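K.L.:
Sharing model-v2.cif here; it has mmCIF, C-alpha atoms.
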data_start
loop_
_atom_site.label_atom_id
_atom_site.label_comp_id
_atom_site.auth_asym_id
_atom_site.auth_seq_id
_atom_site.Cartn_x
_atom_site.Cartn_y
_atom_site.Cartn_z
CA MET A 506 158.42 67.75 66.44
CA GLU A 507 156.06 69.97 68.37
CA PRO A 508 154.80 72.74 66.04
CA GLY A 509 156.40 76.17 66.29
CA ASP A 510 158.60 77.98 63.77
CA CYS A 511 157.54 81.61 64.11
CA ASP A 512 156.88 83.11 67.53
CA GLY A 513 153.43 84.66 67.59
CA ASP A 514 152.06 82.48 64.78
CA ASN A 515 149.72 79.58 65.60
CA THR A 516 148.90 78.51 62.05
CA ALA A 517 149.96 74.88 62.57
CA VAL A 518 147.83 74.46 65.70
CA SER A 519 144.86 76.19 64.06
CA ALA A 520 145.13 73.93 61.02
CA LEU A 521 144.95 70.82 63.21
CA LEU A 522 141.93 72.16 65.06
CA GLN A 523 140.11 73.27 61.92
CA GLY A 524 140.88 69.97 60.21
CA GLY A 525 138.94 68.04 62.82
CA VAL A 526 141.97 66.05 63.99
CA GLN A 527 141.19 64.07 67.15
CA ARG A 528 144.63 62.74 68.08
CA VAL A 529 148.14 64.11 67.61
CA VAL A 530 151.35 62.12 68.16
CA ILE A 531 154.44 64.31 68.67
CA GLY A 532 157.92 62.88 68.33
CA MET A 533 159.63 65.41 70.61
CA ARG A 534 158.96 68.67 72.40
CA HIS A 535 160.26 71.81 70.74
CA PRO A 536 163.92 72.43 71.71
CA LEU A 537 163.51 76.22 71.89
CA GLN A 538 162.31 77.38 75.30
CA HIS A 539 159.79 79.97 74.11
CA PHE A 540 158.03 77.32 71.95
CA ARG A 541 158.42 74.34 74.26
CA GLY A 542 155.07 72.96 75.41
CA ASN A 543 152.96 75.76 73.90
CA ALA A 544 151.42 73.70 71.10
CA VAL A 545 150.90 70.70 73.37
CA ARG A 546 148.97 72.81 75.89
CA ALA A 547 146.97 74.56 73.16
CA LEU A 548 145.89 71.30 71.55
CA ARG A 549 145.02 69.61 74.83
CA SER A 550 143.04 72.65 75.96
CA GLN A 551 140.81 72.13 72.90
CA GLY A 552 140.15 68.51 73.80
CA LEU A 553 142.58 66.79 71.44
CA GLN A 554 144.46 63.71 72.58
CA VAL A 555 148.15 64.57 72.42
CA ASP A 556 150.71 61.78 72.92
CA LEU A 557 154.43 62.49 73.20
CA LEU A 558 156.97 59.81 72.35
CA GLY A 559 158.90 58.79 75.45
CA GLU A 560 156.40 60.47 77.78
CA ASP A 561 152.92 59.20 76.97
CA LEU A 562 154.09 56.39 74.68
CA THR A 563 156.96 54.04 75.52
CA SER A 564 158.30 50.85 73.91
CA LYS A 565 161.33 49.63 71.96
CA LEU A 566 159.64 50.73 68.75
CA ILE A 567 158.96 54.14 70.27
CA GLU A 568 162.64 54.46 71.27
CA ASP A 569 163.66 53.86 67.66
CA ALA A 570 161.16 56.47 66.49
CA GLN A 571 162.49 58.94 69.07
CA LYS A 572 166.01 58.43 67.75
CA GLU A 573 164.83 59.17 64.21
CA CYS A 574 163.18 62.37 65.47
CA LEU A 575 166.46 63.44 67.08
CA LEU A 576 168.44 62.73 63.91
CA VAL A 577 166.13 64.60 61.56
CA ASN A 578 165.96 67.60 63.92
CA ALA A 579 169.65 67.53 64.88
CA PRO A 580 170.50 70.91 63.25
CA LEU A 581 167.88 72.78 65.29
CA ILE A 582 168.65 70.87 68.49
CA CYS A 583 172.39 71.55 68.23
CA ARG A 584 171.75 75.24 67.53
CA ALA A 585 169.42 75.49 70.53
CA HIS A 586 171.98 73.77 72.75
CA SER A 587 175.25 75.38 71.61
CA ARG A 588 173.96 78.67 70.10
CA VAL A 589 176.16 78.09 67.02
CA PRO A 590 175.14 76.79 63.57
CA PHE A 591 175.03 73.06 62.94
CA SER A 592 178.32 72.21 61.21
CA VAL A 593 179.20 69.22 59.03
CA LEU A 594 182.74 68.20 58.04
CA LYS A 595 182.94 66.37 54.72
CA TYR A 596 185.96 64.87 53.01
CA ALA A 597 186.83 62.20 50.46
CA MET A 598 189.87 60.00 50.88
CA THR A 599 191.57 56.94 49.45
CA LEU A 600 191.77 53.62 51.27
CA ASP A 601 195.18 54.60 52.59
CA GLY A 602 193.81 57.82 54.08
CA LYS A 603 194.93 60.44 51.53
CA ILE A 604 192.89 63.39 50.26
CA ALA A 605 195.32 64.19 47.44
CA ALA A 606 198.52 62.99 45.83
CA SER A 607 201.85 64.29 47.14
CA THR A 608 201.73 66.84 44.29
CA GLY A 609 198.43 68.18 45.57
CA HIS A 610 196.38 66.75 42.69
CA ALA A 611 192.94 65.60 43.92
CA TRP A 612 190.63 65.33 40.85
CA TRP A 613 188.77 63.04 41.45
CA ILE A 614 189.04 60.87 44.55
CA SER A 615 185.39 59.90 44.81
CA SER A 616 183.03 58.71 42.09
CA LYS A 617 180.56 60.81 40.10
CA LYS A 618 177.71 59.31 42.14
CA SER A 619 179.35 60.37 45.40
CA ARG A 620 179.96 63.86 44.06
CA LYS A 621 176.28 64.13 43.17
CA LEU A 622 175.41 63.41 46.80
CA VAL A 623 177.92 66.07 47.88
CA PHE A 624 176.08 68.61 45.72
CA GLU A 625 172.90 67.74 47.61
CA LEU A 626 174.66 68.14 50.96
CA ARG A 627 176.02 71.53 49.91
CA ALA A 628 172.54 72.67 48.89
CA ARG A 629 171.36 72.20 52.49
CA SER A 630 174.00 74.57 53.85
CA ASP A 631 174.04 78.31 54.50
CA ALA A 632 177.83 78.54 54.24
CA ILE A 633 180.61 76.40 52.82
CA ILE A 634 184.03 76.69 54.40
CA VAL A 635 187.14 75.73 52.45
CA GLY A 636 190.85 76.14 52.99
CA GLY A 637 193.20 78.41 51.06
CA ASN A 638 194.66 75.59 49.00
CA THR A 639 191.20 74.56 47.83
CA VAL A 640 190.53 78.10 46.61
CA ARG A 641 193.90 78.43 44.87
CA ARG A 642 193.99 75.00 43.25
CA ASP A 643 190.33 74.18 42.57
CA ASN A 644 188.71 77.61 42.04
CA PRO A 645 185.51 76.12 43.52
CA ARG A 646 182.02 77.35 42.63
CA MET A 647 179.83 76.47 45.58
CA THR A 648 176.29 77.41 46.55
CA ALA A 649 174.75 77.15 49.99
CA ARG A 650 171.36 77.06 51.73
CA HIS A 651 171.13 75.87 55.36
CA GLY A 652 173.74 75.12 58.07
CA VAL A 653 177.53 75.22 57.68
CA PHE A 654 179.38 72.77 55.43
CA TRP A 655 183.13 72.32 55.88
CA GLU A 656 185.10 71.13 52.82
CA CYS A 657 188.64 71.97 53.78
CA GLY A 658 192.10 70.56 54.18
CA GLY A 659 193.46 68.69 57.15
CA THR A 660 194.89 71.72 58.99
CA LEU A 661 191.62 73.65 59.05
CA ALA A 662 189.61 70.49 59.73
CA ALA A 663 191.75 69.70 62.77
CA SER A 664 191.34 73.23 64.09
CA ALA A 665 187.57 73.08 63.63
CA ILE A 666 187.30 69.73 65.37
CA SER A 667 189.51 70.86 68.26
CA SER A 668 187.42 74.00 68.77
CA GLY A 669 184.24 71.94 69.00
CA VAL A 670 182.33 73.57 66.13
CA ILE A 671 181.94 70.37 64.07
CA HIS A 672 178.83 68.34 64.88
CA LYS A 673 178.79 65.70 62.14
CA VAL A 674 181.26 64.06 59.76
CA TYR A 675 180.72 62.66 56.26
CA ALA A 676 183.69 60.60 55.04
CA PHE A 677 183.66 59.28 51.46
CA VAL A 678 186.17 56.43 51.17
CA ALA A 679 187.16 55.55 47.60
CA PRO A 680 188.58 52.10 46.70
CA LYS A 681 191.91 53.60 45.64
CA ILE A 682 195.46 53.68 46.97
CA ILE A 683 197.71 56.63 46.15
CA GLY A 684 200.56 56.41 48.66
CA GLY A 685 203.04 59.23 49.04
CA LYS A 686 205.03 60.18 52.12
CA ASN A 687 203.89 63.80 52.02
CA ALA A 688 200.39 63.23 50.61
CA PRO A 689 197.87 65.08 52.81
CA SER A 690 195.34 63.37 55.06
CA PRO A 691 191.80 64.65 55.79
CA VAL A 692 192.47 65.69 59.39
CA GLY A 693 195.68 67.29 60.61
CA ASP A 694 197.33 67.16 64.01
CA LEU A 695 194.86 66.97 66.91
CA GLY A 696 197.58 66.64 69.53
CA MET A 697 196.68 63.02 70.26
CA VAL A 698 199.48 60.54 70.93
CA GLU A 699 197.56 57.43 72.02
CA MET A 700 194.78 55.49 70.33
CA SER A 701 192.75 55.79 73.53
CA GLN A 702 192.52 59.53 72.81
CA ALA A 703 190.84 58.98 69.44
CA ILE A 704 187.40 60.51 68.95
CA ASN A 705 184.73 57.87 68.47
CA LEU A 706 181.78 58.80 66.25
CA VAL A 707 178.27 58.06 67.52
CA ASP A 708 175.13 57.15 65.57
CA VAL A 709 177.39 55.89 62.80
CA CYS A 710 175.86 55.00 59.42
CA TYR A 711 177.41 53.15 56.47
CA GLU A 712 176.19 53.51 52.90
CA GLN A 713 177.63 52.38 49.59
CA ILE A 714 177.57 55.20 47.02
CA GLY A 715 178.55 53.73 43.67
CA PRO A 716 182.02 52.24 44.19
CA ASP A 717 182.62 54.38 47.30
CA MET A 718 181.70 53.83 50.94
CA LEU A 719 180.15 56.71 52.89
CA VAL A 720 180.73 56.67 56.64
CA SER A 721 178.83 59.31 58.61
CA GLY A 722 178.37 60.00 62.30
CA PHE A 723 178.26 62.61 65.03
CA LEU A 724 181.33 63.73 66.96
CA GLN A 725 179.20 63.91 70.09
CA PRO A 726 175.68 62.74 70.97
CA ILE A 727 172.78 64.94 69.90
CA PRO A 728 172.06 67.08 73.00
CA ASP A 729 169.20 66.08 75.25
CA THR A 730 167.12 69.23 75.26
CA ALA A 731 165.07 68.32 78.31
CA PRO A 732 167.62 69.17 81.04
CA THR A 733 169.45 71.94 79.17
CA ILE A 734 166.42 73.87 77.95
CA PRO A 735 163.75 73.58 80.68
CA SER A 736 160.14 74.46 80.06
CA PRO A 737 158.89 77.88 81.27
CA GLU A 738 156.83 76.17 83.98
CA LYS A 739 159.83 74.36 85.47
CA THR A 740 161.96 77.50 85.33
CA PHE A 741 159.28 79.48 87.16
CA VAL A 742 159.10 76.86 89.92
CA VAL A 743 162.85 77.14 90.49
CA ASP A 744 162.92 80.95 90.30
CA PRO A 745 159.57 82.82 90.37
CA THR A 746 161.36 86.06 89.42
CA VAL A 747 162.32 84.71 86.00
CA SER A 748 160.16 86.13 83.22
CA ARG A 749 159.95 84.95 79.59
CA TYR A 750 161.32 88.13 78.10
CA GLU A 751 163.61 90.90 79.15
CA SER A 752 161.63 93.99 80.10
CA GLY A 753 162.39 97.47 78.78
CA ILE A 754 163.79 96.49 75.38
CA ILE A 755 162.45 93.69 73.22
CA PHE A 756 164.87 92.44 70.59
CA PHE A 757 163.68 90.41 67.61
CA TYR A 758 165.49 89.08 64.55
CA LYS A 759 164.98 85.48 63.41
CA THR A 760 161.42 84.25 63.03
CA TRP A 761 161.98 81.33 65.40
CA ASP A 762 163.27 83.56 68.20
CA PRO A 763 160.96 85.24 70.77
CA TYR A 764 158.66 87.75 69.06
CA GLY A 765 159.79 86.37 65.70
CA ALA A 766 156.49 87.34 64.06
CA LEU A 767 157.65 90.97 64.20
CA SER A 768 160.22 90.09 61.54
CA ASN A 769 159.56 90.92 57.89
CA PHE A 770 160.59 87.34 57.15
CA SER A 771 157.67 85.80 59.04
CA PRO A 772 155.51 83.59 56.77
CA HIS A 773 152.41 85.79 56.73
CA PRO A 774 151.00 86.55 53.25
CA ILE A 775 149.53 90.01 52.67
CA GLN A 776 147.19 91.40 50.03
CA MET A 777 148.14 94.81 48.70
CA PRO A 778 146.80 96.88 45.78
CA ASP A 779 148.99 97.16 42.70
CA GLU A 780 149.43 100.22 40.47
CA ASN A 781 146.01 99.59 38.92
CA GLY A 782 144.25 99.13 42.25
CA ASP A 783 143.92 95.36 41.85
CA SER A 784 144.59 93.22 44.92
CA VAL A 785 147.82 91.21 44.73
CA THR A 786 148.95 88.55 47.21
CA TRP A 787 152.54 88.64 48.47
CA LEU A 788 153.94 85.74 50.50
CA SER A 789 155.51 88.05 53.09
CA VAL A 790 156.29 91.68 53.87
CA GLN A 791 159.81 91.02 52.61
CA HIS A 792 158.49 89.91 49.20
CA TYR A 793 156.42 93.09 48.89
CA TYR A 794 159.21 95.41 50.06
CA GLN A 795 161.93 93.98 47.81
CA ALA A 796 159.70 93.98 44.72
CA HIS A 797 158.70 97.60 45.19
CA LYS A 798 162.28 98.72 44.70
CA PHE A 799 161.63 98.15 40.99
CA VAL A 800 157.95 99.15 40.66
CA GLY A 801 157.27 101.76 37.98
CA VAL A 802 160.63 101.37 36.25
CA ASP A 803 160.11 101.13 32.49
CA ASP A 804 162.54 98.31 31.88
CA THR A 805 161.96 94.65 31.06
CA ALA A 806 164.68 93.59 33.50
CA ALA A 807 162.96 95.48 36.33
CA ARG A 808 159.60 93.89 35.55
CA ASP A 809 161.20 90.45 35.35
CA CYS A 810 162.85 91.04 38.72
CA ILE A 811 159.49 91.90 40.29
CA GLU A 812 158.03 88.63 39.01
CA ARG A 813 161.03 86.64 40.24
CA ILE A 814 160.69 88.15 43.69
CA LYS A 815 156.94 87.61 43.75
CA SER A 816 157.28 83.93 42.80
CA SER A 817 160.24 83.20 45.11
CA LYS A 818 159.43 80.46 47.60
CA SER A 819 160.80 82.13 50.73
CA PRO A 820 161.37 85.62 52.17
CA GLU A 821 165.10 84.85 52.23
CA GLU A 822 165.12 84.14 48.50
CA ALA A 823 163.10 87.30 47.82
CA ALA A 824 165.62 89.35 49.82
CA ARG A 825 168.56 87.74 48.01
CA ILE A 826 167.12 88.58 44.59
CA GLY A 827 166.18 92.14 45.51
CA ARG A 828 169.46 92.98 47.23
CA SER A 829 171.69 91.44 44.56
CA MET A 830 169.81 93.23 41.76
CA GLN A 831 170.04 96.51 43.65
CA LYS A 832 173.78 96.04 44.05
CA GLN A 833 174.51 94.82 40.52
CA HIS A 834 172.01 97.01 38.64
CA PRO A 835 171.38 100.21 40.62
CA ASP A 836 169.96 101.77 37.44
CA LEU A 837 166.90 99.51 37.81
CA ILE A 838 165.94 100.96 41.20
CA ARG A 839 163.07 103.43 41.08
CA PRO A 840 164.45 106.99 41.38
CA ASP A 841 162.27 107.90 44.38
CA TRP A 842 163.11 104.77 46.39
CA ASP A 843 165.00 106.50 49.20
CA ASN A 844 162.04 108.83 49.70
CA VAL A 845 159.28 106.21 49.65
CA LYS A 846 160.82 103.05 51.11
CA ILE A 847 159.71 103.86 54.66
CA ASP A 848 156.13 104.42 53.46
CA VAL A 849 156.26 101.18 51.47
CA MET A 850 157.42 99.27 54.52
CA TYR A 851 154.83 100.85 56.80
CA ALA A 852 151.98 100.06 54.41
CA ALA A 853 153.05 96.41 54.28
CA LEU A 854 153.44 96.19 58.06
CA LYS A 855 150.02 97.73 58.66
CA CYS A 856 148.43 95.25 56.27
CA LYS A 857 150.18 92.31 57.92
CA PHE A 858 149.26 93.17 61.51
CA SER A 859 145.73 94.22 60.55
CA THR A 860 145.15 90.95 58.70
CA TYR A 861 146.21 88.63 61.53
CA PRO A 862 144.50 89.40 64.89
CA ARG A 863 146.94 87.22 66.82
CA LEU A 864 149.85 89.27 65.49
CA SER A 865 148.22 92.60 66.32
CA SER A 866 147.50 91.31 69.84
CA MET A 867 151.14 90.30 70.24
CA LEU A 868 152.29 93.71 69.01
CA VAL A 869 149.97 95.52 71.43
CA SER A 870 151.20 93.28 74.27
CA THR A 871 154.65 94.87 73.89
CA ALA A 872 153.31 98.30 74.88
CA GLY A 873 155.78 100.05 77.17
CA SER A 874 158.80 98.32 75.63
CA VAL A 875 161.20 99.54 72.97
CA LEU A 876 161.22 97.28 69.91
CA VAL A 877 164.59 96.72 68.27
CA GLU A 878 165.39 94.58 65.26
CA ALA A 879 168.64 92.96 66.36
CA SER A 880 170.19 92.87 62.89
CA PRO A 881 173.97 93.22 63.26
CA HIS A 882 174.44 94.35 59.64
CA ASP A 883 171.42 96.42 58.57
CA LEU A 884 172.07 99.82 60.11
CA PHE A 885 168.98 101.40 58.57
CA TRP A 886 166.19 99.00 59.47
CA GLY A 887 168.04 97.32 62.34
CA GLY A 888 169.73 98.32 65.56
CA GLY A 889 173.23 97.22 64.56
CA ARG A 890 175.73 95.19 66.52
CA GLU A 891 176.37 97.86 69.17
CA GLY A 892 173.15 99.85 68.94
CA GLU A 893 174.53 102.15 66.26
CA GLY A 894 171.72 101.35 63.80
CA LEU A 895 168.74 103.61 63.08
CA ASN A 896 166.26 100.81 63.87
CA TYR A 897 163.58 102.08 61.49
CA LEU A 898 161.75 98.74 61.51
CA GLY A 899 161.43 98.91 65.28
CA ARG A 900 160.27 102.52 65.03
CA LEU A 901 157.57 101.70 62.48
CA LEU A 902 156.33 98.81 64.58
CA MET A 903 156.10 101.06 67.64
CA LYS A 904 154.23 103.66 65.58
CA LEU A 905 151.81 100.99 64.40
CA ARG A 906 151.47 99.71 67.96
CA SER A 907 150.48 103.20 69.13
CA GLU A 908 147.79 103.35 66.45
CA PHE A 909 146.38 99.99 67.50
CA VAL A 910 146.38 100.97 71.18
CA GLU A 911 144.66 104.26 70.35
CA GLU A 912 142.04 102.51 68.20
CA SER A 913 141.39 100.03 70.99
CA SER A 914 141.01 102.84 73.54
CA SER A 915 138.66 104.78 71.25
CA SER A 916 136.56 101.69 70.66
CA SER A 917 136.33 101.01 74.39
CA SER A 918 135.35 104.63 75.10
CA SER A 919 132.60 104.52 72.47
CA LYS A 920 131.14 101.35 73.95
CA PHE A 921 131.29 102.86 77.44
CA LYS A 922 129.35 105.96 76.28
CA GLU A 923 126.69 103.80 74.67
#
Starting from the file, lay out its structure as structure tokens.
P.N.:
Amino acid sequence: MEPGDCDGDNTAVSALLQGGVQRVVIGMRHPLQHFRGNAVRALRSQGLQVDLLGEDLTSKLIEDAQKECLLVNAPLICRAHSRVPFSVLKYAMTLDGKIAASTGHAWWISSKKSRKLVFELRARSDAIIVGGNTVRRDNPRMTARHGVFWECGGTLAASAISSGVIHKVYAFVAPKIIGGKNAPSPVGDLGMVEMSQAINLVDVCYEQIGPDMLVSGFLQPIPDTAPTIPSPEKTFVVDPTVSRYESGIIFFYKTWDPYGALSNFSPHPIQMPDENGDSVTWLSVQHYYQAHKFVGVDDTAARDCIERIKSSKSPEEAARIGRSMQKQHPDLIRPDWDNVKIDVMYAALKCKFSTYPRLSSMLVSTAGSVLVEASPHDLFWGGGREGEGLNYLGRLLMKLRSEFVEESSSSSSSKFKE
């Protein structure tokens, strides 16, 4: 896919240019409008040959490669198209279509090998949705990472399918027969009375997992992003009054959204001095901020927490560790945290935007606009769902922006006098 995962960051394009790459083959254009075509234009402007599957390259083999690109990027494409998280419905059933015995007993329908694959599927999800009976009977312990994973009974599954939130289905079919007049099935009443009304899966795959058969497929085709998310150039031709961003107020939140580099979760490492004055590298502003909740606390648990945050692989993981420790062990938080946290954040932000010229340029380009972190839950750093938040992150960014603008003006004045 065309590079672009943090608005305002061109690391991927720069790496290709600095690496001396002469030709780039891209499987598909970026599905998000504010990224779409940017990397292609940037690479071509530097003299690289850029070929896009289906546009510059066409053949039966290319069509197969395009399909693979769509499948691997389906979660992002579906989110861009529907504005809701990519959702997967998973269930295990017997050959006669039952997900439990008539008594409700369901341990275990599928094999150990199939359950191992389910653990992997869960690990890719941000949320796991189960029904009430699953909670009461199974007392499940589930973890999640990316997307939404539905492991629920037939009633909830039917409701989710009917509402259109399910994108993909994983059905594990075990070579067992249980019978039972009242034994539950994986999908409840959909209101269909004729076989012609049945929902046909597309891009269906079959895979044997131990003794079980896994059938997977999409409830609807992966959206074609070309007509639904036009490029900025095409939009401008249709309506010259359309601008990329709303003027007056600039909202930012996720790193892949417009102005995503303003987020503390953007993947921009910073170097900050520690308590001894030695330079320490932090993978993001979020890493630095979360760790400094525990700095100076004379406790082994606090020091261990700092190291865990520092070594965490993503800003999201750093935030999870810091927030959970703050909630579970408030005694480990430095006593002056409420008084210094704004200064800690500002120091990290200043380092970040001073280190990366492209980011400082983007920040300065927002001059005249109010910056608001569109976090619906964080009412201190964010603006809240209805604007009730204090928006301190936006305020600090605007303060930093003013400093950069003033420095630029002073520098220009000095050169003019010379």
K.L.:
Give me, please, the distance in Å between CA of Cys657 (chain A) and CA of Val623 (chain A), quoted to one decimal.
P.N.:
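Between CA of Cys657 (chain A) and CA of Val623 (chain A) the gap is 13.6 Å.
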K.L.:
Which distance in Å separates CA of His882 (chain A) and CA of Gln538 (chain A), to one decimal?
P.N.:
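So the two atoms, CA of His882 (chain A) and CA of Gln538 (chain A), lie 26.1 Å apart.
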K.L.:
Output the residue selection produced by the PyMOL selection byres ((chain A and resi 615) around 8) on the file above, formatted as a VMD selection string.
P.N.:
chain A and resid 597 to 598 613 to 614 616 to 617 619 to 620 677 to 679 717
K.L.:
Now that the selection is made, can you save its residues with C-alpha atoms as a compact mmCIF listing (two decimals), keeping the file's coordinate frame?
P.N.:
# COMPACT_ATOMS: atom_id res chain seq x y z
CA ALA A 597 186.83 62.20 50.46
CA MET A 598 189.87 60.00 50.88
CA TRP A 613 188.77 63.04 41.45
CA ILE A 614 189.04 60.87 44.55
CA SER A 616 183.03 58.71 42.09
CA LYS A 617 180.56 60.81 40.10
CA SER A 619 179.35 60.37 45.40
CA ARG A 620 179.96 63.86 44.06
CA PHE A 677 183.66 59.28 51.46
CA VAL A 678 186.17 56.43 51.17
CA ALA A 679 187.16 55.55 47.60
CA ASP A 717 182.62 54.38 47.30
K.L.:
When you count all atoms listed in the file, which of these residues is closest to Tyr897 (chain A): A:Ser914, A:Val875, A:Ile567, A:Tyr675?
P.N.:
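Counting all atoms listed in the file, the residue closest to Tyr897 (chain A) is A:Val875.
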K.L.:
Any idea what the distance is between CA of Ser587 (chain A) and CA of Ile727 (chain A)?
P.N.:
10.9 Å
K.L.:
Which residues of region 832-854 of chain A have any atom within 9 Å of an atom in region 765-786 of chain A when counting all atoms listed in the file, and what is the closest pair of atoms for each, with the distance in Å to one decimal? Order the rows by chain and rising number and write it as JSON lines.
P.N.:
{"residue": "A:Ala852", "atom": "CA", "partner": "A:Met777", "partner_atom": "CA", "distance": 8.7}
{"residue": "A:Ala853", "atom": "CA", "partner": "A:Ile775", "partner_atom": "CA", "distance": 7.5}
{"residue": "A:Leu854", "atom": "CA", "partner": "A:Asn769", "partner_atom": "CA", "distance": 8.1}
K.L.:
Find the spatial neighbours of region 660-667 of chain A, counting only C-alpha atoms, within a cut-off of 6 Å - ignore same-chain residues fewer than 4 positions away - and output them as a ChimeraX atom specification.
P.N.:
/A:671,692-693,695
K.L.:
Give the answer as one residue: which of A:Ser819, A:Ser880, A:Ser550, A:Thr871 has the shortest atom-to-atom distance to Ser907 (chain A), using all atoms listed in the file?
P.N.:
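The shortest atom-to-atom distance to Ser907 (chain A) comes from A:Thr871.
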K.L.:
I need the residue nearest Ala688 (chain A) from this list: A:Asn515, A:Thr760, A:Ser630, A:Ser607. Use all atoms listed in the file for the distance.
P.N.:
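Going through A:Asn515, A:Thr760, A:Ser630, A:Ser607 one by one, the smallest distance to Ala688 (chain A) is for A:Ser607.
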K.L.:
Given the point (165.9, 101.3, 40.7) in the file's coordinates, find the residues that have an atom at most 12 Å from it, counting only C-alpha atoms, and give them as an mmCIF file with C-alpha atoms, in the frame of the given file.
P.N.:
data_model
loop_
_atom_site.group_PDB
_atom_site.id
_atom_site.type_symbol
_atom_site.label_atom_id
_atom_site.label_comp_id
_atom_site.auth_asym_id
_atom_site.auth_seq_id
_atom_site.Cartn_x
_atom_site.Cartn_y
_atom_site.Cartn_z
ATOM 1 C CA GLN A 795 161.930 93.980 47.810
ATOM 2 C CA ALA A 796 159.700 93.980 44.720
ATOM 3 C CA HIS A 797 158.700 97.600 45.190
ATOM 4 C CA LYS A 798 162.280 98.720 44.700
ATOM 5 C CA PHE A 799 161.630 98.150 40.990
ATOM 6 C CA VAL A 800 157.950 99.150 40.660
ATOM 7 C CA GLY A 801 157.270 101.760 37.980
ATOM 8 C CA VAL A 802 160.630 101.370 36.250
ATOM 9 C CA ASP A 803 160.110 101.130 32.490
ATOM 10 C CA ASP A 804 162.540 98.310 31.880
ATOM 11 C CA ALA A 806 164.680 93.590 33.500
ATOM 12 C CA ALA A 807 162.960 95.480 36.330
ATOM 13 C CA ARG A 808 159.600 93.890 35.550
ATOM 14 C CA CYS A 810 162.850 91.040 38.720
ATOM 15 C CA ILE A 811 159.490 91.900 40.290
ATOM 16 C CA GLY A 827 166.180 92.140 45.510
ATOM 17 C CA ARG A 828 169.460 92.980 47.230
ATOM 18 C CA MET A 830 169.810 93.230 41.760
ATOM 19 C CA GLN A 831 170.040 96.510 43.650
ATOM 20 C CA LYS A 832 173.780 96.040 44.050
ATOM 21 C CA GLN A 833 174.510 94.820 40.520
ATOM 22 C CA HIS A 834 172.010 97.010 38.640
ATOM 23 C CA PRO A 835 171.380 100.210 40.620
ATOM 24 C CA ASP A 836 169.960 101.770 37.440
ATOM 25 C CA LEU A 837 166.900 99.510 37.810
ATOM 26 C CA ILE A 838 165.940 100.960 41.200
ATOM 27 C CA ARG A 839 163.070 103.430 41.080
ATOM 28 C CA PRO A 840 164.450 106.990 41.380
ATOM 29 C CA ASP A 841 162.270 107.900 44.380
ATOM 30 C CA TRP A 842 163.110 104.770 46.390
ATOM 31 C CA ASP A 843 165.000 106.500 49.200
ATOM 32 C CA LYS A 846 160.820 103.050 51.110
#
K.L.:
Exactly which residues make up the result of the PyMOL selection byres ((chain A and resi 571) around 10) on this file, given as a PyMOL selection string?
P.N.:
chain A and resi 531-533+557-559+563+565-570+572-576
K.L.:
Take the point (177.1, 51.2, 52.2) as written in the file and pick out every residue within 12 Å of it, counting all atoms listed in the file; give the list as a PyMOL selection string.
P.N.:
chain A and resi 619+676-679+709-721
K.L.:
Selected by the PyMOL selection byres ((chain A and resi 886-891) around 12) in the shown coordinates: which residues, as a PyMOL selection string?
P.N.:
chain A and resi 754-758+768-769+846-847+850-851+875-885+892-902
K.L.:
Nearest residue to Leu626 (chain A) out of A:Leu594, A:Met903, A:Cys856, A:Met506, using only C-alpha atoms?
P.N.:
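Closest candidate: A:Leu594.
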K.L.:
Under the rule that only C-alpha atoms are counted, which of A:Val545, A:Ala703, A:Val653, A:Val555 is the nearest residue to Ala632 (chain A)?
P.N.:
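Looking at the shortest contact to Ala632 (chain A), the residue is A:Val653.
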K.L.:
Arg588 (chain A): which residues within 12 Å, counting all atoms listed in the file, same-chain residues fewer than 3 positions away excluded, as a ChimeraX atom specification?
P.N.:
/A:536-537,580-585,591-592,670,734,762
K.L.:
Lys815 (chain A): which residues within 8 Å, counting only C-alpha atoms, same-chain residues fewer than 2 positions away excluded, as a ChimeraX atom specification?
P.N.:
/A:787-788,792-793,796,811-813,817,823
K.L.:
Reconstruct N, CA and C atoms of region 756-762 of chain A from the incomplete input and present them as a compact mmCIF listing (two decimals), keeping the file's coordinate frame.
P.N.:
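For reference, rebuild-v1.txt as written:
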# COMPACT_ATOMS: atom_id res chain seq x y z
N PHE A 756 164.12 92.66 71.82
CA PHE A 756 164.87 92.44 70.59
C PHE A 756 164.20 91.33 69.79
N PHE A 757 164.18 91.46 68.49
CA PHE A 757 163.68 90.41 67.61
C PHE A 757 164.58 90.37 66.38
N TYR A 758 164.66 89.21 65.76
CA TYR A 758 165.49 89.08 64.55
C TYR A 758 165.03 87.89 63.72
N LYS A 759 165.39 86.67 64.14
CA LYS A 759 164.98 85.48 63.41
C LYS A 759 163.54 85.12 63.76
N THR A 760 162.83 84.53 62.81
CA THR A 760 161.42 84.25 63.03
C THR A 760 161.19 83.22 64.13
N TRP A 761 162.18 82.35 64.38
CA TRP A 761 161.98 81.33 65.40
C TRP A 761 162.35 81.82 66.81
N ASP A 762 162.92 83.00 66.90
CA ASP A 762 163.27 83.56 68.20
C ASP A 762 162.03 84.20 68.84
